[in-house]
Amino acid sequence: MKKIFCILAVVFAAGTVVFAATYTVGAGKTYSTIKGLTSTKTLSPGDIVEIYPGTYNEGVYWPSANKGTVSSPIIVRGMGLIKPVIDGTGLSLTGAPPSGTDSLFMVYSENIVFENLEFKNGGVSDGGSAIRLQGGSNNITVRNCKISHCGIGISSSTAAVGTLIVENTEIANCLWEPTDGSTHWGHNVYLQSDSIFRYCYIHDSGKGNNFKSRGHYTELWYNYIADANSIEVDLVESTNTTAANSNAVLVGNIIIKRNAAPKSGYAGNDVQFIMFGRDGGEGGAFARNGTMYLLNNTIIAGMAANKFLDANSSAKYLCSNNIFYGSNTMTTGFTNAITGSNNWIPSGAAAPSGFSGTLQGTDPSFINAVSRDYHLTAASAVINKGINNPSYLDGSGASHSGVPAYEYLAPVKSVARNSDGQLDLGAFEYGSGGGGGGGTVDPFANVKTYPNPFRLSISADKMIKLNNIPAGASMDIFDINGSKIRSLKEGNAGISSMILWDGKNEGGDSVPSGTYMYTLLDGAGNKKKGKIALLK
Ligand SMILES: [Ca+2]
């Protein structure tokens, strides 16, 4: 029997009606592999690709024809509580599309969101990446993903690539170990293009750096970057960095250098920590022509040998409201490139000549530095010692507020930063949420309702879906008069972390077109309210 495999939804974009499709991938679904879909279908703006839990041993090519628009991106979504795994075990990631790929996801496209997916074991021997942006890629978002044990975690090519956004994502243990005797480093992140990373946990790069970019402009907001084998944040030169305003802004990050020597053969990298300049010192064809704005970060050296800030003669730092703890070496040789105010540094460290309002002491009074809880105690001398109006210039030279509105919350979340009218130093305001400081997390923060509006007559499975539902949560649906018409539970259709509604009331009758209100409730008493527009 012939089946209709796509679910039609209605997307209102810029006043036009676009018919978008939902495609399902997984065991027993329309497509058994992701490649099986992308090699046979051209995806359109607003399309949704639902990847069901399982292991996908494949490299996938995302061609330029598969592109969304800014208002109607293509969503590629892992379904369920356990992320589907794209596992590169045994694959050679050295090929060229369309038949081969050099990465687990090799992307040439625009306006795509990849969310709730896990990538691992790709390209360890051949340098393949979990996700690689190739020429023409732009406005690619990676959200709520996990990447580990690949040759490189996320990379981008030297061809024209637009902005990459990575949020709520863990990237760890990437390691490139060639079998042909050649020397390569591999990094958790290695970009040639502009990027924004926020609420991410980037750690334990196997050989190289946690975050490396040769892009013109980089933003890092509220990330936890720790325990690289080599450099933690390494923003160096390329043809992209000679133009004015080849800047970077780092706000509210926790950046930690571990107390351990690098692997054998990589001597010297127990010194470098944050680099804004050149890979190879002052030589080479290019330089980095810009400023790194370091604002309200907590920067922890694991040992006295660590040098916090490194640069080259054309690169500058503007540092305000940071805590530098654990080493007395702020920099060597680049003190004139470093300006800023209201930073805390150890009493044994020499403040760079461009610093003003420096606080010094033996201990900034963290809740528990040994267990890495860098929230502040009530006794901390850095409370209310920040400047209140930190700002930065972006990659075009436009000025923006650098006031931190959020804080990193382990492992890959964020929480609003307390605002008492006077900024504290570091990544955590005294009394803010997270460990040590109390506070709560919205368990429904990532719930999405789709399609919404919901057009019953053209929906093949006649279901409206809510994803990212906490285990055991319930949903009450009300009509416009406030009368409860239906109660549903997480997993009601046999898919964990989802609730599906068939547009019927408790008695099994289809409800009329209109707006319906719902309330989600979890076992801890947390609530979320929303609306569903139902069209017949
Ligand atoms: Ca304060």
# chains A, B, ... in the order shown; residues from 1 in each chain; ligands from 1
>>> closest_atom_pairs(of="chain A", to="ligand 1", cutoff="10 Å", atoms="only C-alpha atoms and all ligand atoms", output="JSON lines")
{"residue": "A:Val382", "atom": "CA", "partner": "ligand 1", "partner_atom_place_in_ligand_line": "1 (Ca)", "distance": 8.8}
{"residue": "A:Ile383", "atom": "CA", "partner": "ligand 1", "partner_atom_place_in_ligand_line": "1 (Ca)", "distance": 5.5}
{"residue": "A:Asn384", "atom": "CA", "partner": "ligand 1", "partner_atom_place_in_ligand_line": "1 (Ca)", "distance": 4.3}
{"residue": "A:Lys385", "atom": "CA", "partner": "ligand 1", "partner_atom_place_in_ligand_line": "1 (Ca)", "distance": 7.7}
{"residue": "A:Gly386", "atom": "CA", "partner": "ligand 1", "partner_atom_place_in_ligand_line": "1 (Ca)", "distance": 8.1}
{"residue": "A:Asn388", "atom": "CA", "partner": "ligand 1", "partner_atom_place_in_ligand_line": "1 (Ca)", "distance": 9.6}
{"residue": "A:Arg417", "atom": "CA", "partner": "ligand 1", "partner_atom_place_in_ligand_line": "1 (Ca)", "distance": 9.9}
{"residue": "A:Asn418", "atom": "CA", "partner": "ligand 1", "partner_atom_place_in_ligand_line": "1 (Ca)", "distance": 7.7}
{"residue": "A:Ser419", "atom": "CA", "partner": "ligand 1", "partner_atom_place_in_ligand_line": "1 (Ca)", "distance": 6.6}
{"residue": "A:Asp420", "atom": "CA", "partner": "ligand 1", "partner_atom_place_in_ligand_line": "1 (Ca)", "distance": 5.1}
{"residue": "A:Gly421", "atom": "CA", "partner": "ligand 1", "partner_atom_place_in_ligand_line": "1 (Ca)", "distance": 6.3}
{"residue": "A:Gln422", "atom": "CA", "partner": "ligand 1", "partner_atom_place_in_ligand_line": "1 (Ca)", "distance": 4.4}
{"residue": "A:Leu423", "atom": "CA", "partner": "ligand 1", "partner_atom_place_in_ligand_line": "1 (Ca)", "distance": 4.4}
{"residue": "A:Asp424", "atom": "CA", "partner": "ligand 1", "partner_atom_place_in_ligand_line": "1 (Ca)", "distance": 4.6}
{"residue": "A:Leu425", "atom": "CA", "partner": "ligand 1", "partner_atom_place_in_ligand_line": "1 (Ca)", "distance": 8.4}
{"residue": "A:Phe428", "atom": "CA", "partner": "ligand 1", "partner_atom_place_in_ligand_line": "1 (Ca)", "distance": 9.5}
{"residue": "A:Glu429", "atom": "CA", "partner": "ligand 1", "partner_atom_place_in_ligand_line": "1 (Ca)", "distance": 6.0}
{"residue": "A:Tyr430", "atom": "CA", "partner": "ligand 1", "partner_atom_place_in_ligand_line": "1 (Ca)", "distance": 6.4}
{"residue": "A:Gly431", "atom": "CA", "partner": "ligand 1", "partner_atom_place_in_ligand_line": "1 (Ca)", "distance": 8.8}
{"residue": "A:Ser432", "atom": "CA", "partner": "ligand 1", "partner_atom_place_in_ligand_line": "1 (Ca)", "distance": 9.8}
>>> closest_atom_pairs(of="region 393-497 of chain A", to="region 205-216 of chain A", cutoff="12 Å", atoms="only C-alpha atoms", output="JSON lines")
{"residue": "A:Asp394", "atom": "CA", "partner": "A:His216", "partner_atom": "CA", "distance": 10.1}
{"residue": "A:Gly395", "atom": "CA", "partner": "A:His216", "partner_atom": "CA", "distance": 6.9}
{"residue": "A:Ser396", "atom": "CA", "partner": "A:His216", "partner_atom": "CA", "distance": 9.8}
{"residue": "A:Gly397", "atom": "CA", "partner": "A:His216", "partner_atom": "CA", "distance": 11.9}
>>> select_by_dssp(residues="region 145-241 of chain A", states="strand (DSSP E)", output="count of residues only")
38
>>> residues_around(residues="Cys150 (chain A)", least_positions_apart="4", cutoff="7 Å", atoms="only C-alpha atoms", output="MDAnalysis selection string")
chainID A and resid 120:124 129:130 174:175
>>> residues_around(residues="Leu220 (chain A)", least_positions_apart="4", cutoff="6 Å", atoms="only C-alpha atoms", output="list in words")
Ile196, Phe197, Arg198 and Leu250 of chain A
>>> residues_around(residues="Ile51 (chain A)", least_positions_apart="2", cutoff="12 Å", atoms="only C-alpha atoms", output="PyMOL selection string")
chain A and resi 22-35+37+48-49+53-56+75-80+82-86+114-118
>>> write_last_selection(atoms="N, CA and C atoms", output="mmCIF file, in the first residue's frame")
data_model
loop_
_atom_site.group_PDB
_atom_site.id
_atom_site.type_symbol
_atom_site.label_atom_id
_atom_site.label_comp_id
_atom_site.auth_asym_id
_atom_site.auth_seq_id
_atom_site.Cartn_x
_atom_site.Cartn_y
_atom_site.Cartn_z
ATOM 1 N N THR A 22 7.989 17.033 7.273
ATOM 2 C CA THR A 22 8.726 16.372 8.343
ATOM 3 C C THR A 22 9.149 14.993 7.847
ATOM 4 N N TYR A 23 10.423 14.688 7.914
ATOM 5 C CA TYR A 23 10.968 13.408 7.490
ATOM 6 C C TYR A 23 11.461 12.642 8.715
ATOM 7 N N THR A 24 11.217 11.363 8.743
ATOM 8 C CA THR A 24 11.629 10.562 9.894
ATOM 9 C C THR A 24 12.738 9.585 9.500
ATOM 10 N N VAL A 25 13.739 9.477 10.391
ATOM 11 C CA VAL A 25 14.903 8.617 10.156
ATOM 12 C C VAL A 25 15.083 7.714 11.367
ATOM 13 N N GLY A 26 15.304 6.427 11.124
ATOM 14 C CA GLY A 26 15.556 5.505 12.225
ATOM 15 C C GLY A 26 15.029 4.127 11.902
ATOM 16 N N ALA A 27 15.239 3.202 12.821
ATOM 17 C CA ALA A 27 14.747 1.837 12.629
ATOM 18 C C ALA A 27 13.223 1.870 12.493
ATOM 19 N N GLY A 28 12.717 1.328 11.419
ATOM 20 C CA GLY A 28 11.276 1.283 11.200
ATOM 21 C C GLY A 28 10.675 2.581 10.701
ATOM 22 N N LYS A 29 11.516 3.597 10.461
ATOM 23 C CA LYS A 29 11.019 4.878 9.962
ATOM 24 C C LYS A 29 11.149 4.928 8.444
ATOM 25 N N THR A 30 10.756 6.073 7.867
ATOM 26 C CA THR A 30 10.771 6.197 6.416
ATOM 27 C C THR A 30 12.168 5.975 5.846
ATOM 28 N N TYR A 31 13.172 6.543 6.509
ATOM 29 C CA TYR A 31 14.558 6.384 6.081
ATOM 30 C C TYR A 31 15.330 5.688 7.203
ATOM 31 N N SER A 32 16.101 4.664 6.860
ATOM 32 C CA SER A 32 16.840 3.954 7.903
ATOM 33 C C SER A 32 18.173 4.633 8.204
ATOM 34 N N THR A 33 18.678 5.444 7.255
ATOM 35 C CA THR A 33 19.924 6.177 7.485
ATOM 36 C C THR A 33 19.691 7.658 7.175
ATOM 37 N N ILE A 34 20.543 8.489 7.755
ATOM 38 C CA ILE A 34 20.443 9.931 7.483
ATOM 39 C C ILE A 34 20.840 10.197 6.033
ATOM 40 N N LYS A 35 21.890 9.520 5.597
ATOM 41 C CA LYS A 35 22.371 9.653 4.223
ATOM 42 C C LYS A 35 21.298 9.228 3.230
ATOM 43 N N LEU A 37 18.263 9.796 3.424
ATOM 44 C CA LEU A 37 17.393 10.950 3.211
ATOM 45 C C LEU A 37 18.115 12.031 2.408
ATOM 46 N N ILE A 48 11.577 19.644 8.731
ATOM 47 C CA ILE A 48 12.089 19.061 9.966
ATOM 48 C C ILE A 48 12.543 17.637 9.678
ATOM 49 N N VAL A 49 13.749 17.321 10.098
ATOM 50 C CA VAL A 49 14.251 15.949 10.003
ATOM 51 C C VAL A 49 14.297 15.389 11.422
ATOM 52 N N PRO A 53 16.258 7.612 18.140
ATOM 53 C CA PRO A 53 17.397 7.031 18.851
ATOM 54 C C PRO A 53 17.932 5.770 18.164
ATOM 55 N N GLY A 54 19.260 5.655 18.176
ATOM 56 C CA GLY A 54 19.933 4.538 17.542
ATOM 57 C C GLY A 54 21.345 4.963 17.206
ATOM 58 N N THR A 55 22.096 4.056 16.573
ATOM 59 C CA THR A 55 23.468 4.365 16.173
ATOM 60 C C THR A 55 23.531 4.436 14.655
ATOM 61 N N TYR A 56 24.073 5.526 14.139
ATOM 62 C CA TYR A 56 24.170 5.766 12.702
ATOM 63 C C TYR A 56 25.646 5.781 12.325
ATOM 64 N N ILE A 75 15.355 22.176 10.453
ATOM 65 C CA ILE A 75 15.677 21.655 11.780
ATOM 66 C C ILE A 75 16.013 20.174 11.654
ATOM 67 N N VAL A 76 17.188 19.791 12.090
ATOM 68 C CA VAL A 76 17.596 18.378 12.110
ATOM 69 C C VAL A 76 17.684 17.989 13.578
ATOM 70 N N ARG A 77 16.755 17.172 14.030
ATOM 71 C CA ARG A 77 16.516 17.017 15.465
ATOM 72 C C ARG A 77 16.619 15.561 15.904
ATOM 73 N N GLY A 78 17.448 15.307 16.899
ATOM 74 C CA GLY A 78 17.436 14.005 17.532
ATOM 75 C C GLY A 78 16.226 13.900 18.431
ATOM 76 N N MET A 79 15.528 12.787 18.374
ATOM 77 C CA MET A 79 14.285 12.601 19.123
ATOM 78 C C MET A 79 14.574 11.804 20.392
ATOM 79 N N GLY A 80 13.801 12.070 21.415
ATOM 80 C CA GLY A 80 13.883 11.238 22.607
ATOM 81 C C GLY A 80 14.892 11.731 23.616
ATOM 82 N N ILE A 82 17.420 9.992 24.980
ATOM 83 C CA ILE A 82 18.791 9.563 24.686
ATOM 84 C C ILE A 82 19.126 10.010 23.280
ATOM 85 N N LYS A 83 20.181 10.790 23.149
ATOM 86 C CA LYS A 83 20.522 11.346 21.839
ATOM 87 C C LYS A 83 20.865 10.233 20.845
ATOM 88 N N PRO A 84 20.356 10.326 19.615
ATOM 89 C CA PRO A 84 20.848 9.432 18.568
ATOM 90 C C PRO A 84 22.347 9.668 18.380
ATOM 91 N N VAL A 85 23.085 8.585 18.049
ATOM 92 C CA VAL A 85 24.548 8.670 17.976
ATOM 93 C C VAL A 85 25.007 8.504 16.529
ATOM 94 N N ILE A 86 25.740 9.489 16.047
ATOM 95 C CA ILE A 86 26.429 9.346 14.765
ATOM 96 C C ILE A 86 27.838 8.892 15.119
ATOM 97 N N PHE A 114 21.136 21.886 13.904
ATOM 98 C CA PHE A 114 21.355 20.495 14.293
ATOM 99 C C PHE A 114 21.205 20.436 15.810
ATOM 100 N N GLU A 115 20.243 19.655 16.302
ATOM 101 C CA GLU A 115 20.057 19.648 17.753
ATOM 102 C C GLU A 115 19.798 18.249 18.311
ATOM 103 N N ASN A 116 20.242 18.086 19.556
ATOM 104 C CA ASN A 116 20.023 16.849 20.310
ATOM 105 C C ASN A 116 20.620 15.620 19.626
ATOM 106 N N LEU A 117 21.865 15.743 19.173
ATOM 107 C CA LEU A 117 22.568 14.635 18.516
ATOM 108 C C LEU A 117 23.906 14.406 19.216
ATOM 109 N N GLU A 118 24.380 13.155 19.175
ATOM 110 C CA GLU A 118 25.712 12.860 19.685
ATOM 111 C C GLU A 118 26.597 12.386 18.537
#
>>> select_by_dssp(residues="region 23-157 of chain A", states="alpha helix (DSSP H)", output="list in words")
Ile34, Lys35, Gly36, Leu37 and Thr38 of chain A
>>> closest_residue(among="A:Asn306, A:Ser109, A:Asn139, A:Ser193", to="Ser64 (chain A)", atoms="only C-alpha atoms")
A:Ser109
>>> residues_around(residues="region 446-451 of chain A", least_positions_apart="6", cutoff="6 Å", atoms="only C-alpha atoms", output="PyMOL selection string")
chain A and resi 9+464-468
>>> residues_around(residues="Pro364 (chain A)", least_positions_apart="6", cutoff="8 Å", atoms="only C-alpha atoms", output="PDB file with C-alpha atoms, in the first residue's frame")
ATOM      1  CA  ILE A 323      39.633  37.012  38.240  1.00  0.00           C
ATOM      2  CA  TYR A 325      43.999  32.992  39.969  1.00  0.00           C
ATOM      3  CA  TRP A 344      41.729  40.569  40.617  1.00  0.00           C
ATOM      4  CA  LEU A 376      31.913  33.593  45.646  1.00  0.00           C
ATOM      5  CA  SER A 380      34.960  37.659  48.971  1.00  0.00           C
ATOM      6  CA  ALA A 381      36.816  40.911  48.327  1.00  0.00           C
ATOM      7  CA  VAL A 382      35.682  40.965  44.674  1.00  0.00           C
TER       8      VAL A 382
END
>>> closest_residue(among="A:Asn297, A:Ser230, A:Asn342, A:Gln134", to="Ala96 (chain A)", atoms="only C-alpha atoms")
A:Gln134
>>> atom_distance(atom1="CA of Ile140 (chain A)", atom2="CA of Asp102 (chain A)")
17.9 Å
